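As C-alpha cells, the structure follows; a few thoughts come after it.
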Amino acid sequence: MKIFHCDNCDQLVFFENTKCVSCGHLLAFLPECADMASLVPDDAGGYRRAGSKSNSPRYKLCSNYETHEVCNWAVPFDSPSTLCRSCDLTRTIPDLSAPGARDSWARLEAAKRRLVYTLDILKLPVESKTANPDRGLTFEFLADSDDPEAPPILTGHADGVITINIAESDDVEREKRKSQFQETYRTVLGHFRHEIGHYYWDRLVRDSEALEPFRELFGDDRADYAGALQKHHTNGAPADWNTSFVSAYASAHPWEDWAETWAHYMHIIDTLETADASGLALRPRRGDEPSLKPDPKAVGRQPRSFDTMIKRWFSLTYVLNNLNRGMGLPDAYPFVLSTAAVEKLRFVHDVIEAGDRTESLAPAAAQA
C-alpha cells in the first residue's frame, strides 16, 4: 500500500480514512490515479481536489459512501454509475435490518477495496458481471439462515461469483473457525485473496498455455475436487505438507494449492509495497543477518524480479515476526516457505506477468 497525505495540510492519511484528522477535509480514494484526495465541494454538486484549479477533474462520492458510510472511494462526476469500481462488484449485500449487518458489510467492503487496489497494481483484469456476464466478477455477502435445518453459507467461488459468509467479518466467530480448522492464519482479507485466486485460475490458467506447466508443478486439477476436500477435512493434511505447500489446506487439491499460493503472493505484494513506501530499511550489525533496502521505484507496480522480491520478503517477515513477538502477539506471517512453495509462488508471478490470454470461459466447478 502506498503512503498518502492530505492535499490541504500534508497530514499523513491512510487508505481507510474518510476525514483528515488534522484539517478536517473530506477524503476519498481516486482509483484512476491510485491516490487519496482531499475534496472540496464545487458550485455544481460535485467535488474537486483541495487546491486544484477550476478546470481540474470533478468527482462524486460513491453512493455507498454518501448513503451508508461503508465506502470511501470517489467516482468521476460524469460516470453513469453511482457506485465506485469496488462497490460495483458487489451483487448481494447483507440484510441491513439485521443487528450489526452494516458494520459487517463495511468490514467486507474495506477488505475488498484493498483487494482491488492490489489487483490494479498487478494490472489484472477487474470486470463486473454486469459489464461482462461471461468473464466478469461479482461478490455476494450472505448470512447463515436462522433455520437450523438450512445448509450453512459456504465461502467460495463458482464461475466468477465469490460468496463470503458475513460471519467471517466477526473477529470472535472467525477465531472460533480458525481454531476449529487448526489454522495459523485466517483473516477477512485472506479470504478475498484466496477466492480471487480461484477466479484468476479460470481466467489465466485454465484455457491457456500455462495449464500443462501448472499440472506439472501443482498436480492434476482434474482430480475429484469434492472427494479431495472430503478427504482433507476427514484426515487432515499429510504430515510432510510443509515441504511442498504454503499451507496445510493447500495440500487438499491443486486448485486449493493455487488459490493459497496466489493469496500469499498478494500478501507479499501489498506488504512489501507498504515497506518500500514507508522507507523501511534493515541495517544489521552482522553480515549474516537479514538486510533490507527500500525500493521506492517498486511502489505502485508489480516487481519484475521474483528472486529479488522473495529475498526481500524473507528479510521483512523476519523483522515483522520478531516485532510481533516483542508485543506478545502471534507471528504476523506464521509460515515457512519451502523451496517447492517458492517455486509455486514464482509460477504465480510468471502467470501474472504473462497477462490474460484466454478468449473464453466455460462455467467452472464451485471452489472453496
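Identifiers in this document derive from the order of the C-alpha cells: chains are assigned A, B, ..., residues are numbered from 1 separately in each chain, and ligands are numbered from 1 in order of occurrence.
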(Q) With DSSP run on the backbone, what are the alpha helix (DSSP H) residues within region 45-284 of chain A? I'd like them as a ChimeraX atom specification. (A) /A:63-68,101-121,171-180,188-204,211-218,225-235,254-277
- request: Write out as a list in words each polymer residue whose atoms come within 10 Å of Phe347 (chain A), counting only C-alpha atoms; drop sequence neighbours fewer than 6 positions from it.
  value: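 The filter keeps Ala210, Pro213, Phe214, Leu217, Phe218, Trp258, Thr261, Trp262, Phe306, Ala341 and Glu353 of chain A.
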Store the residues of this selection in a file with all heavy atoms, as an mmCIF file, in the first residue's frame.
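Contents of the output file selection_28.cif:
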```cif
data_model
loop_
_atom_site.group_PDB
_atom_site.id
_atom_site.type_symbol
_atom_site.label_atom_id
_atom_site.label_comp_id
_atom_site.auth_asym_id
_atom_site.auth_seq_id
_atom_site.Cartn_x
_atom_site.Cartn_y
_atom_site.Cartn_z
ATOM 1 N N ALA A 210 -0.428 -22.069 -19.956
ATOM 2 C CA ALA A 210 0.118 -22.317 -18.620
ATOM 3 C C ALA A 210 -0.469 -23.567 -17.971
ATOM 4 O O ALA A 210 0.014 -23.992 -16.917
ATOM 5 C CB ALA A 210 -0.143 -21.108 -17.712
ATOM 6 N N PRO A 213 2.131 -26.699 -17.659
ATOM 7 C CA PRO A 213 3.134 -26.402 -16.612
ATOM 8 C C PRO A 213 2.529 -26.343 -15.218
ATOM 9 O O PRO A 213 3.168 -26.754 -14.243
ATOM 10 C CB PRO A 213 3.697 -25.046 -17.050
ATOM 11 C CG PRO A 213 3.477 -25.001 -18.516
ATOM 12 C CD PRO A 213 2.189 -25.727 -18.749
ATOM 13 N N PHE A 214 1.288 -25.842 -15.114
ATOM 14 C CA PHE A 214 0.598 -25.833 -13.820
ATOM 15 C C PHE A 214 0.457 -27.250 -13.285
ATOM 16 O O PHE A 214 0.749 -27.520 -12.113
ATOM 17 C CB PHE A 214 -0.788 -25.186 -13.965
ATOM 18 C CG PHE A 214 -1.690 -25.418 -12.778
ATOM 19 C CD1 PHE A 214 -1.636 -24.590 -11.670
ATOM 20 C CD2 PHE A 214 -2.578 -26.487 -12.775
ATOM 21 C CE1 PHE A 214 -2.454 -24.822 -10.571
ATOM 22 C CE2 PHE A 214 -3.403 -26.728 -11.682
ATOM 23 C CZ PHE A 214 -3.342 -25.893 -10.574
ATOM 24 N N LEU A 217 3.552 -28.759 -11.834
ATOM 25 C CA LEU A 217 4.015 -28.174 -10.577
ATOM 26 C C LEU A 217 3.028 -28.364 -9.430
ATOM 27 O O LEU A 217 3.420 -28.699 -8.302
ATOM 28 C CB LEU A 217 4.283 -26.672 -10.788
ATOM 29 C CG LEU A 217 5.014 -25.904 -9.687
ATOM 30 C CD1 LEU A 217 6.392 -26.520 -9.423
ATOM 31 C CD2 LEU A 217 5.156 -24.434 -10.084
ATOM 32 N N PHE A 218 1.739 -28.171 -9.706
ATOM 33 C CA PHE A 218 0.717 -28.200 -8.653
ATOM 34 C C PHE A 218 -0.017 -29.539 -8.573
ATOM 35 O O PHE A 218 -0.606 -29.849 -7.538
ATOM 36 C CB PHE A 218 -0.314 -27.089 -8.879
ATOM 37 C CG PHE A 218 0.203 -25.695 -8.620
ATOM 38 C CD1 PHE A 218 0.947 -25.022 -9.572
ATOM 39 C CD2 PHE A 218 -0.069 -25.051 -7.420
ATOM 40 C CE1 PHE A 218 1.414 -23.737 -9.346
ATOM 41 C CE2 PHE A 218 0.384 -23.763 -7.183
ATOM 42 C CZ PHE A 218 1.137 -23.101 -8.144
ATOM 43 N N TRP A 258 -3.155 -23.717 -5.668
ATOM 44 C CA TRP A 258 -3.027 -22.485 -6.452
ATOM 45 C C TRP A 258 -3.609 -21.294 -5.697
ATOM 46 O O TRP A 258 -2.980 -20.232 -5.603
ATOM 47 C CB TRP A 258 -3.727 -22.642 -7.795
ATOM 48 C CG TRP A 258 -3.999 -21.342 -8.495
ATOM 49 C CD1 TRP A 258 -5.127 -20.570 -8.386
ATOM 50 C CD2 TRP A 258 -3.118 -20.645 -9.378
ATOM 51 N NE1 TRP A 258 -5.015 -19.443 -9.156
ATOM 52 C CE2 TRP A 258 -3.791 -19.453 -9.778
ATOM 53 C CE3 TRP A 258 -1.853 -20.891 -9.871
ATOM 54 C CZ2 TRP A 258 -3.224 -18.531 -10.652
ATOM 55 C CZ3 TRP A 258 -1.286 -19.967 -10.749
ATOM 56 C CH2 TRP A 258 -1.964 -18.804 -11.131
ATOM 57 N N THR A 261 -1.491 -20.288 -2.749
ATOM 58 C CA THR A 261 -0.236 -19.687 -3.221
ATOM 59 C C THR A 261 -0.498 -18.289 -3.769
ATOM 60 O O THR A 261 0.273 -17.350 -3.523
ATOM 61 C CB THR A 261 0.412 -20.578 -4.296
ATOM 62 O OG1 THR A 261 0.594 -21.906 -3.771
ATOM 63 C CG2 THR A 261 1.759 -20.036 -4.723
ATOM 64 N N TRP A 262 -1.578 -18.138 -4.511
ATOM 65 C CA TRP A 262 -1.969 -16.828 -5.044
ATOM 66 C C TRP A 262 -2.186 -15.837 -3.901
ATOM 67 O O TRP A 262 -1.720 -14.692 -3.965
ATOM 68 C CB TRP A 262 -3.242 -16.970 -5.872
ATOM 69 C CG TRP A 262 -3.785 -15.685 -6.401
ATOM 70 C CD1 TRP A 262 -4.489 -14.742 -5.717
ATOM 71 C CD2 TRP A 262 -3.655 -15.194 -7.737
ATOM 72 N NE1 TRP A 262 -4.815 -13.691 -6.533
ATOM 73 C CE2 TRP A 262 -4.319 -13.941 -7.783
ATOM 74 C CE3 TRP A 262 -3.068 -15.687 -8.898
ATOM 75 C CZ2 TRP A 262 -4.400 -13.180 -8.956
ATOM 76 C CZ3 TRP A 262 -3.151 -14.931 -10.060
ATOM 77 C CH2 TRP A 262 -3.806 -13.692 -10.080
ATOM 78 N N PHE A 306 11.457 -11.724 -9.554
ATOM 79 C CA PHE A 306 10.894 -12.554 -8.494
ATOM 80 C C PHE A 306 11.939 -12.878 -7.440
ATOM 81 O O PHE A 306 11.654 -12.857 -6.242
ATOM 82 C CB PHE A 306 10.316 -13.845 -9.072
ATOM 83 C CG PHE A 306 9.829 -14.790 -8.015
ATOM 84 C CD1 PHE A 306 8.572 -14.614 -7.457
ATOM 85 C CD2 PHE A 306 10.623 -15.826 -7.547
ATOM 86 C CE1 PHE A 306 8.114 -15.461 -6.450
ATOM 87 C CE2 PHE A 306 10.180 -16.679 -6.545
ATOM 88 C CZ PHE A 306 8.921 -16.496 -5.998
ATOM 89 N N ALA A 341 7.415 -24.506 -2.365
ATOM 90 C CA ALA A 341 6.413 -23.442 -2.262
ATOM 91 C C ALA A 341 6.888 -22.177 -2.954
ATOM 92 O O ALA A 341 6.091 -21.469 -3.602
ATOM 93 C CB ALA A 341 6.103 -23.162 -0.796
ATOM 94 N N GLU A 353 2.601 -11.958 -14.923
ATOM 95 C CA GLU A 353 3.390 -11.196 -15.889
ATOM 96 C C GLU A 353 2.935 -11.466 -17.313
ATOM 97 O O GLU A 353 2.916 -10.562 -18.151
ATOM 98 C CB GLU A 353 4.869 -11.567 -15.747
ATOM 99 C CG GLU A 353 5.560 -10.923 -14.563
ATOM 100 C CD GLU A 353 6.565 -9.877 -14.995
ATOM 101 O OE1 GLU A 353 7.436 -10.212 -15.813
ATOM 102 O OE2 GLU A 353 6.451 -8.735 -14.528
#
```
Using only C-alpha atoms, the shortest atom-to-atom distance to Phe29 (chain A) among A:Ala143, A:Ala158, A:Cys62, A:Ala44 belongs to A:Cys62
Practice task
With a distance cut-off of 7 Å and only C-alpha atoms, select the neighbouring residues of Val40 (chain A), excluding the residue or stretch itself and same-chain residues fewer than 4 positions from it, and output the selection as a PyMOL selection string.
Solution key: chain A and resi 47-50
Could you dump the residues just selected with N, CA and C atoms as a PDB file, in the first residue's frame?
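Written output follows (part-v3.pdb):
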```pdb
ATOM      1  N   TYR A  47     -17.298  17.516  -6.548  1.00  0.00           N
ATOM      2  CA  TYR A  47     -16.124  17.780  -5.715  1.00  0.00           C
ATOM      3  C   TYR A  47     -14.880  17.899  -6.597  1.00  0.00           C
ATOM      4  N   ARG A  48     -13.917  18.673  -6.107  1.00  0.00           N
ATOM      5  CA  ARG A  48     -12.599  18.748  -6.724  1.00  0.00           C
ATOM      6  C   ARG A  48     -11.554  18.589  -5.622  1.00  0.00           C
ATOM      7  N   ARG A  49     -10.339  18.264  -6.039  1.00  0.00           N
ATOM      8  CA  ARG A  49      -9.259  18.151  -5.067  1.00  0.00           C
ATOM      9  C   ARG A  49      -8.963  19.520  -4.461  1.00  0.00           C
ATOM     10  N   ALA A  50      -8.685  19.545  -3.171  1.00  0.00           N
ATOM     11  CA  ALA A  50      -8.342  20.793  -2.494  1.00  0.00           C
ATOM     12  C   ALA A  50      -7.121  21.422  -3.150  1.00  0.00           C
TER      13      ALA A  50
END
```
Using only C-alpha atoms, the shortest atom-to-atom distance to Ile164 (chain A) among A:Gly24, A:Gly190, A:Pro294, A:Pro303 belongs to A:Gly190
Would you pick out the contacts of region 220-223 of chain A at 12 Å or less, using only C-alpha atoms, so that residues sharing its chain but fewer than 6 positions from it are not included, and give the list as a PDB file with all heavy atoms, in the first residue's frame?
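Heads up, here's the output in around_3.pdb:
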```pdb
ATOM      1  N   HIS A 198      -8.995 -18.368  -7.179  1.00  0.00           N
ATOM      2  CA  HIS A 198      -9.777 -19.326  -7.967  1.00  0.00           C
ATOM      3  C   HIS A 198     -10.283 -18.664  -9.257  1.00  0.00           C
ATOM      4  O   HIS A 198     -10.253 -19.274 -10.333  1.00  0.00           O
ATOM      5  CB  HIS A 198     -10.964 -19.827  -7.150  1.00  0.00           C
ATOM      6  CG  HIS A 198     -10.604 -20.795  -6.064  1.00  0.00           C
ATOM      7  ND1 HIS A 198      -9.899 -21.958  -6.300  1.00  0.00           N
ATOM      8  CD2 HIS A 198     -10.858 -20.777  -4.725  1.00  0.00           C
ATOM      9  CE1 HIS A 198      -9.740 -22.617  -5.170  1.00  0.00           C
ATOM     10  NE2 HIS A 198     -10.303 -21.918  -4.192  1.00  0.00           N
ATOM     11  N   TRP A 201      -7.471 -18.336 -11.673  1.00  0.00           N
ATOM     12  CA  TRP A 201      -7.064 -19.617 -12.258  1.00  0.00           C
ATOM     13  C   TRP A 201      -7.904 -19.897 -13.495  1.00  0.00           C
ATOM     14  O   TRP A 201      -7.380 -20.278 -14.545  1.00  0.00           O
ATOM     15  CB  TRP A 201      -7.223 -20.765 -11.251  1.00  0.00           C
ATOM     16  CG  TRP A 201      -6.619 -22.047 -11.780  1.00  0.00           C
ATOM     17  CD1 TRP A 201      -5.337 -22.465 -11.633  1.00  0.00           C
ATOM     18  CD2 TRP A 201      -7.284 -23.045 -12.557  1.00  0.00           C
ATOM     19  NE1 TRP A 201      -5.155 -23.673 -12.280  1.00  0.00           N
ATOM     20  CE2 TRP A 201      -6.339 -24.053 -12.857  1.00  0.00           C
ATOM     21  CE3 TRP A 201      -8.590 -23.203 -13.036  1.00  0.00           C
ATOM     22  CZ2 TRP A 201      -6.649 -25.192 -13.604  1.00  0.00           C
ATOM     23  CZ3 TRP A 201      -8.908 -24.337 -13.788  1.00  0.00           C
ATOM     24  CH2 TRP A 201      -7.938 -25.314 -14.063  1.00  0.00           C
ATOM     25  N   ASP A 202      -9.218 -19.675 -13.373  1.00  0.00           N
ATOM     26  CA  ASP A 202     -10.096 -19.834 -14.540  1.00  0.00           C
ATOM     27  C   ASP A 202      -9.683 -18.905 -15.682  1.00  0.00           C
ATOM     28  O   ASP A 202      -9.711 -19.273 -16.853  1.00  0.00           O
ATOM     29  CB  ASP A 202     -11.551 -19.518 -14.158  1.00  0.00           C
ATOM     30  CG  ASP A 202     -12.190 -20.623 -13.335  1.00  0.00           C
ATOM     31  OD1 ASP A 202     -11.611 -21.717 -13.240  1.00  0.00           O
ATOM     32  OD2 ASP A 202     -13.286 -20.380 -12.783  1.00  0.00           O
ATOM     33  N   VAL A 205      -5.179 -19.427 -16.315  1.00  0.00           N
ATOM     34  CA  VAL A 205      -4.513 -20.723 -16.438  1.00  0.00           C
ATOM     35  C   VAL A 205      -5.342 -21.735 -17.219  1.00  0.00           C
ATOM     36  O   VAL A 205      -4.832 -22.398 -18.132  1.00  0.00           O
ATOM     37  CB  VAL A 205      -4.178 -21.299 -15.039  1.00  0.00           C
ATOM     38  CG1 VAL A 205      -3.541 -22.682 -15.157  1.00  0.00           C
ATOM     39  CG2 VAL A 205      -3.265 -20.358 -14.276  1.00  0.00           C
ATOM     40  N   ARG A 206      -6.602 -21.854 -16.874  1.00  0.00           N
ATOM     41  CA  ARG A 206      -7.396 -22.996 -17.339  1.00  0.00           C
ATOM     42  C   ARG A 206      -7.397 -23.189 -18.841  1.00  0.00           C
ATOM     43  O   ARG A 206      -7.257 -24.316 -19.338  1.00  0.00           O
ATOM     44  CB  ARG A 206      -8.840 -22.862 -16.833  1.00  0.00           C
ATOM     45  CG  ARG A 206      -9.600 -24.166 -16.895  1.00  0.00           C
ATOM     46  CD  ARG A 206     -11.034 -23.983 -16.446  1.00  0.00           C
ATOM     47  NE  ARG A 206     -11.821 -23.323 -17.460  1.00  0.00           N
ATOM     48  CZ  ARG A 206     -13.044 -22.798 -17.230  1.00  0.00           C
ATOM     49  NH1 ARG A 206     -13.521 -22.827 -16.004  1.00  0.00           N
ATOM     50  NH2 ARG A 206     -13.719 -22.237 -18.189  1.00  0.00           N
ATOM     51  N   LEU A 211      -1.499 -24.173 -18.582  1.00  0.00           N
ATOM     52  CA  LEU A 211      -2.196 -25.279 -17.927  1.00  0.00           C
ATOM     53  C   LEU A 211      -1.284 -26.487 -17.695  1.00  0.00           C
ATOM     54  O   LEU A 211      -1.252 -27.039 -16.585  1.00  0.00           O
ATOM     55  CB  LEU A 211      -3.423 -25.687 -18.738  1.00  0.00           C
ATOM     56  CG  LEU A 211      -4.264 -26.826 -18.135  1.00  0.00           C
ATOM     57  CD1 LEU A 211      -4.744 -26.449 -16.739  1.00  0.00           C
ATOM     58  CD2 LEU A 211      -5.455 -27.156 -19.034  1.00  0.00           C
ATOM     59  N   GLU A 212      -0.567 -26.932 -18.717  1.00  0.00           N
ATOM     60  CA  GLU A 212       0.289 -28.112 -18.542  1.00  0.00           C
ATOM     61  C   GLU A 212       1.433 -27.853 -17.558  1.00  0.00           C
ATOM     62  O   GLU A 212       1.710 -28.699 -16.694  1.00  0.00           O
ATOM     63  CB  GLU A 212       0.800 -28.597 -19.887  1.00  0.00           C
ATOM     64  CG  GLU A 212      -0.264 -29.271 -20.740  1.00  0.00           C
ATOM     65  CD  GLU A 212      -1.010 -30.377 -20.009  1.00  0.00           C
ATOM     66  OE1 GLU A 212      -0.345 -31.174 -19.294  1.00  0.00           O
ATOM     67  OE2 GLU A 212      -2.245 -30.442 -20.111  1.00  0.00           O
ATOM     68  N   PRO A 213       2.131 -26.699 -17.659  1.00  0.00           N
ATOM     69  CA  PRO A 213       3.134 -26.402 -16.612  1.00  0.00           C
ATOM     70  C   PRO A 213       2.529 -26.343 -15.218  1.00  0.00           C
ATOM     71  O   PRO A 213       3.168 -26.754 -14.243  1.00  0.00           O
ATOM     72  CB  PRO A 213       3.697 -25.046 -17.050  1.00  0.00           C
ATOM     73  CG  PRO A 213       3.477 -25.001 -18.516  1.00  0.00           C
ATOM     74  CD  PRO A 213       2.189 -25.727 -18.749  1.00  0.00           C
ATOM     75  N   PHE A 214       1.288 -25.842 -15.114  1.00  0.00           N
ATOM     76  CA  PHE A 214       0.598 -25.833 -13.820  1.00  0.00           C
ATOM     77  C   PHE A 214       0.457 -27.250 -13.285  1.00  0.00           C
ATOM     78  O   PHE A 214       0.749 -27.520 -12.113  1.00  0.00           O
ATOM     79  CB  PHE A 214      -0.788 -25.186 -13.965  1.00  0.00           C
ATOM     80  CG  PHE A 214      -1.690 -25.418 -12.778  1.00  0.00           C
ATOM     81  CD1 PHE A 214      -1.636 -24.590 -11.670  1.00  0.00           C
ATOM     82  CD2 PHE A 214      -2.578 -26.487 -12.775  1.00  0.00           C
ATOM     83  CE1 PHE A 214      -2.454 -24.822 -10.571  1.00  0.00           C
ATOM     84  CE2 PHE A 214      -3.403 -26.728 -11.682  1.00  0.00           C
ATOM     85  CZ  PHE A 214      -3.342 -25.893 -10.574  1.00  0.00           C
ATOM     86  N   LEU A 229     -11.571 -32.642  -1.028  1.00  0.00           N
ATOM     87  CA  LEU A 229     -11.891 -31.812   0.135  1.00  0.00           C
ATOM     88  C   LEU A 229     -12.420 -32.655   1.290  1.00  0.00           C
ATOM     89  O   LEU A 229     -12.074 -32.428   2.459  1.00  0.00           O
ATOM     90  CB  LEU A 229     -12.902 -30.733  -0.240  1.00  0.00           C
ATOM     91  CG  LEU A 229     -12.424 -29.603  -1.149  1.00  0.00           C
ATOM     92  CD1 LEU A 229     -13.469 -28.493  -1.200  1.00  0.00           C
ATOM     93  CD2 LEU A 229     -11.090 -29.029  -0.691  1.00  0.00           C
ATOM     94  N   ALA A 252      -4.876 -29.972  -0.127  1.00  0.00           N
ATOM     95  CA  ALA A 252      -6.135 -30.669  -0.365  1.00  0.00           C
ATOM     96  C   ALA A 252      -6.352 -31.006  -1.834  1.00  0.00           C
ATOM     97  O   ALA A 252      -6.821 -32.097  -2.172  1.00  0.00           O
ATOM     98  CB  ALA A 252      -7.305 -29.832   0.161  1.00  0.00           C
ATOM     99  N   HIS A 253      -6.003 -30.074  -2.727  1.00  0.00           N
ATOM    100  CA  HIS A 253      -6.279 -30.251  -4.167  1.00  0.00           C
ATOM    101  C   HIS A 253      -5.463 -29.208  -4.918  1.00  0.00           C
ATOM    102  O   HIS A 253      -5.189 -28.125  -4.375  1.00  0.00           O
ATOM    103  CB  HIS A 253      -7.780 -30.057  -4.444  1.00  0.00           C
ATOM    104  CG  HIS A 253      -8.205 -30.365  -5.844  1.00  0.00           C
ATOM    105  ND1 HIS A 253      -8.101 -29.436  -6.874  1.00  0.00           N
ATOM    106  CD2 HIS A 253      -8.729 -31.489  -6.407  1.00  0.00           C
ATOM    107  CE1 HIS A 253      -8.558 -29.979  -7.996  1.00  0.00           C
ATOM    108  NE2 HIS A 253      -8.938 -31.225  -7.748  1.00  0.00           N
ATOM    109  N   PRO A 254      -5.067 -29.477  -6.161  1.00  0.00           N
ATOM    110  CA  PRO A 254      -4.301 -28.480  -6.918  1.00  0.00           C
ATOM    111  C   PRO A 254      -4.968 -27.114  -7.011  1.00  0.00           C
ATOM    112  O   PRO A 254      -4.278 -26.087  -7.002  1.00  0.00           O
ATOM    113  CB  PRO A 254      -4.157 -29.130  -8.298  1.00  0.00           C
ATOM    114  CG  PRO A 254      -4.145 -30.595  -8.011  1.00  0.00           C
ATOM    115  CD  PRO A 254      -5.121 -30.781  -6.879  1.00  0.00           C
ATOM    116  N   TRP A 255      -6.306 -27.066  -7.087  1.00  0.00           N
ATOM    117  CA  TRP A 255      -6.979 -25.760  -7.115  1.00  0.00           C
ATOM    118  C   TRP A 255      -6.737 -25.000  -5.815  1.00  0.00           C
ATOM    119  O   TRP A 255      -6.530 -23.786  -5.830  1.00  0.00           O
ATOM    120  CB  TRP A 255      -8.480 -25.940  -7.326  1.00  0.00           C
ATOM    121  CG  TRP A 255      -8.865 -26.258  -8.745  1.00  0.00           C
ATOM    122  CD1 TRP A 255      -8.111 -26.071  -9.868  1.00  0.00           C
ATOM    123  CD2 TRP A 255     -10.112 -26.809  -9.170  1.00  0.00           C
ATOM    124  NE1 TRP A 255      -8.813 -26.480 -10.977  1.00  0.00           N
ATOM    125  CE2 TRP A 255     -10.042 -26.929 -10.584  1.00  0.00           C
ATOM    126  CE3 TRP A 255     -11.265 -27.208  -8.517  1.00  0.00           C
ATOM    127  CZ2 TRP A 255     -11.108 -27.445 -11.340  1.00  0.00           C
ATOM    128  CZ3 TRP A 255     -12.324 -27.721  -9.268  1.00  0.00           C
ATOM    129  CH2 TRP A 255     -12.241 -27.833 -10.661  1.00  0.00           C
ATOM    130  N   GLU A 256      -6.795 -25.699  -4.681  1.00  0.00           N
ATOM    131  CA  GLU A 256      -6.572 -25.035  -3.405  1.00  0.00           C
ATOM    132  C   GLU A 256      -5.097 -24.656  -3.231  1.00  0.00           C
ATOM    133  O   GLU A 256      -4.784 -23.627  -2.615  1.00  0.00           O
ATOM    134  CB  GLU A 256      -7.034 -25.919  -2.254  1.00  0.00           C
ATOM    135  CG  GLU A 256      -8.531 -26.225  -2.262  1.00  0.00           C
ATOM    136  CD  GLU A 256      -9.392 -24.962  -2.349  1.00  0.00           C
ATOM    137  OE1 GLU A 256      -8.956 -23.889  -1.886  1.00  0.00           O
ATOM    138  OE2 GLU A 256     -10.509 -25.054  -2.888  1.00  0.00           O
ATOM    139  N   ASP A 257      -4.216 -25.468  -3.765  1.00  0.00           N
ATOM    140  CA  ASP A 257      -2.796 -25.143  -3.742  1.00  0.00           C
ATOM    141  C   ASP A 257      -2.556 -23.833  -4.501  1.00  0.00           C
ATOM    142  O   ASP A 257      -1.857 -22.930  -4.022  1.00  0.00           O
ATOM    143  CB  ASP A 257      -2.002 -26.289  -4.367  1.00  0.00           C
ATOM    144  CG  ASP A 257      -0.507 -26.200  -4.102  1.00  0.00           C
ATOM    145  OD1 ASP A 257      -0.079 -25.299  -3.350  1.00  0.00           O
ATOM    146  OD2 ASP A 257       0.231 -27.040  -4.647  1.00  0.00           O
ATOM    147  N   TRP A 258      -3.155 -23.717  -5.668  1.00  0.00           N
ATOM    148  CA  TRP A 258      -3.027 -22.485  -6.452  1.00  0.00           C
ATOM    149  C   TRP A 258      -3.609 -21.294  -5.697  1.00  0.00           C
ATOM    150  O   TRP A 258      -2.980 -20.232  -5.603  1.00  0.00           O
ATOM    151  CB  TRP A 258      -3.727 -22.642  -7.795  1.00  0.00           C
ATOM    152  CG  TRP A 258      -3.999 -21.342  -8.495  1.00  0.00           C
ATOM    153  CD1 TRP A 258      -5.127 -20.570  -8.386  1.00  0.00           C
ATOM    154  CD2 TRP A 258      -3.118 -20.645  -9.378  1.00  0.00           C
ATOM    155  NE1 TRP A 258      -5.015 -19.443  -9.156  1.00  0.00           N
ATOM    156  CE2 TRP A 258      -3.791 -19.453  -9.778  1.00  0.00           C
ATOM    157  CE3 TRP A 258      -1.853 -20.891  -9.871  1.00  0.00           C
ATOM    158  CZ2 TRP A 258      -3.224 -18.531 -10.652  1.00  0.00           C
ATOM    159  CZ3 TRP A 258      -1.286 -19.967 -10.749  1.00  0.00           C
ATOM    160  CH2 TRP A 258      -1.964 -18.804 -11.131  1.00  0.00           C
ATOM    161  N   ALA A 364     -17.171 -23.075 -14.536  1.00  0.00           N
ATOM    162  CA  ALA A 364     -16.231 -23.915 -13.792  1.00  0.00           C
ATOM    163  C   ALA A 364     -16.920 -24.461 -12.556  1.00  0.00           C
ATOM    164  O   ALA A 364     -17.981 -23.997 -12.145  1.00  0.00           O
ATOM    165  CB  ALA A 364     -15.005 -23.116 -13.403  1.00  0.00           C
ATOM    166  N   ALA A 365     -16.289 -25.448 -11.954  1.00  0.00           N
ATOM    167  CA  ALA A 365     -16.844 -26.047 -10.743  1.00  0.00           C
ATOM    168  C   ALA A 365     -16.724 -25.064  -9.574  1.00  0.00           C
ATOM    169  O   ALA A 365     -15.864 -24.187  -9.565  1.00  0.00           O
ATOM    170  CB  ALA A 365     -16.089 -27.326 -10.419  1.00  0.00           C
ATOM    171  N   GLN A 367     -15.668 -23.726  -6.026  1.00  0.00           N
ATOM    172  CA  GLN A 367     -14.413 -23.919  -5.285  1.00  0.00           C
ATOM    173  C   GLN A 367     -14.508 -23.220  -3.957  1.00  0.00           C
ATOM    174  O   GLN A 367     -15.122 -22.162  -3.833  1.00  0.00           O
ATOM    175  CB  GLN A 367     -13.240 -23.364  -6.100  1.00  0.00           C
ATOM    176  CG  GLN A 367     -13.034 -24.057  -7.432  1.00  0.00           C
ATOM    177  CD  GLN A 367     -12.454 -23.153  -8.501  1.00  0.00           C
ATOM    178  OE1 GLN A 367     -12.740 -21.965  -8.524  1.00  0.00           O
ATOM    179  NE2 GLN A 367     -11.666 -23.729  -9.372  1.00  0.00           N
TER     180      GLN A 367
END
```
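With distances restricted to only C-alpha atoms, A:Gly160 is the closest residue to Thr130 (chain A) from A:Gly160, A:Thr271, A:Leu280, A:Arg113.
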- Message: Could you pull out the strand (DSSP E or B) residues of region 2-144 of chain A, going by DSSP on the backbone, and write them as a ChimeraX atom specification?
- Response: /A:4-5,12-13,19,26-30,35-41,47-49,59-61,73-76,90-92,128,137-142
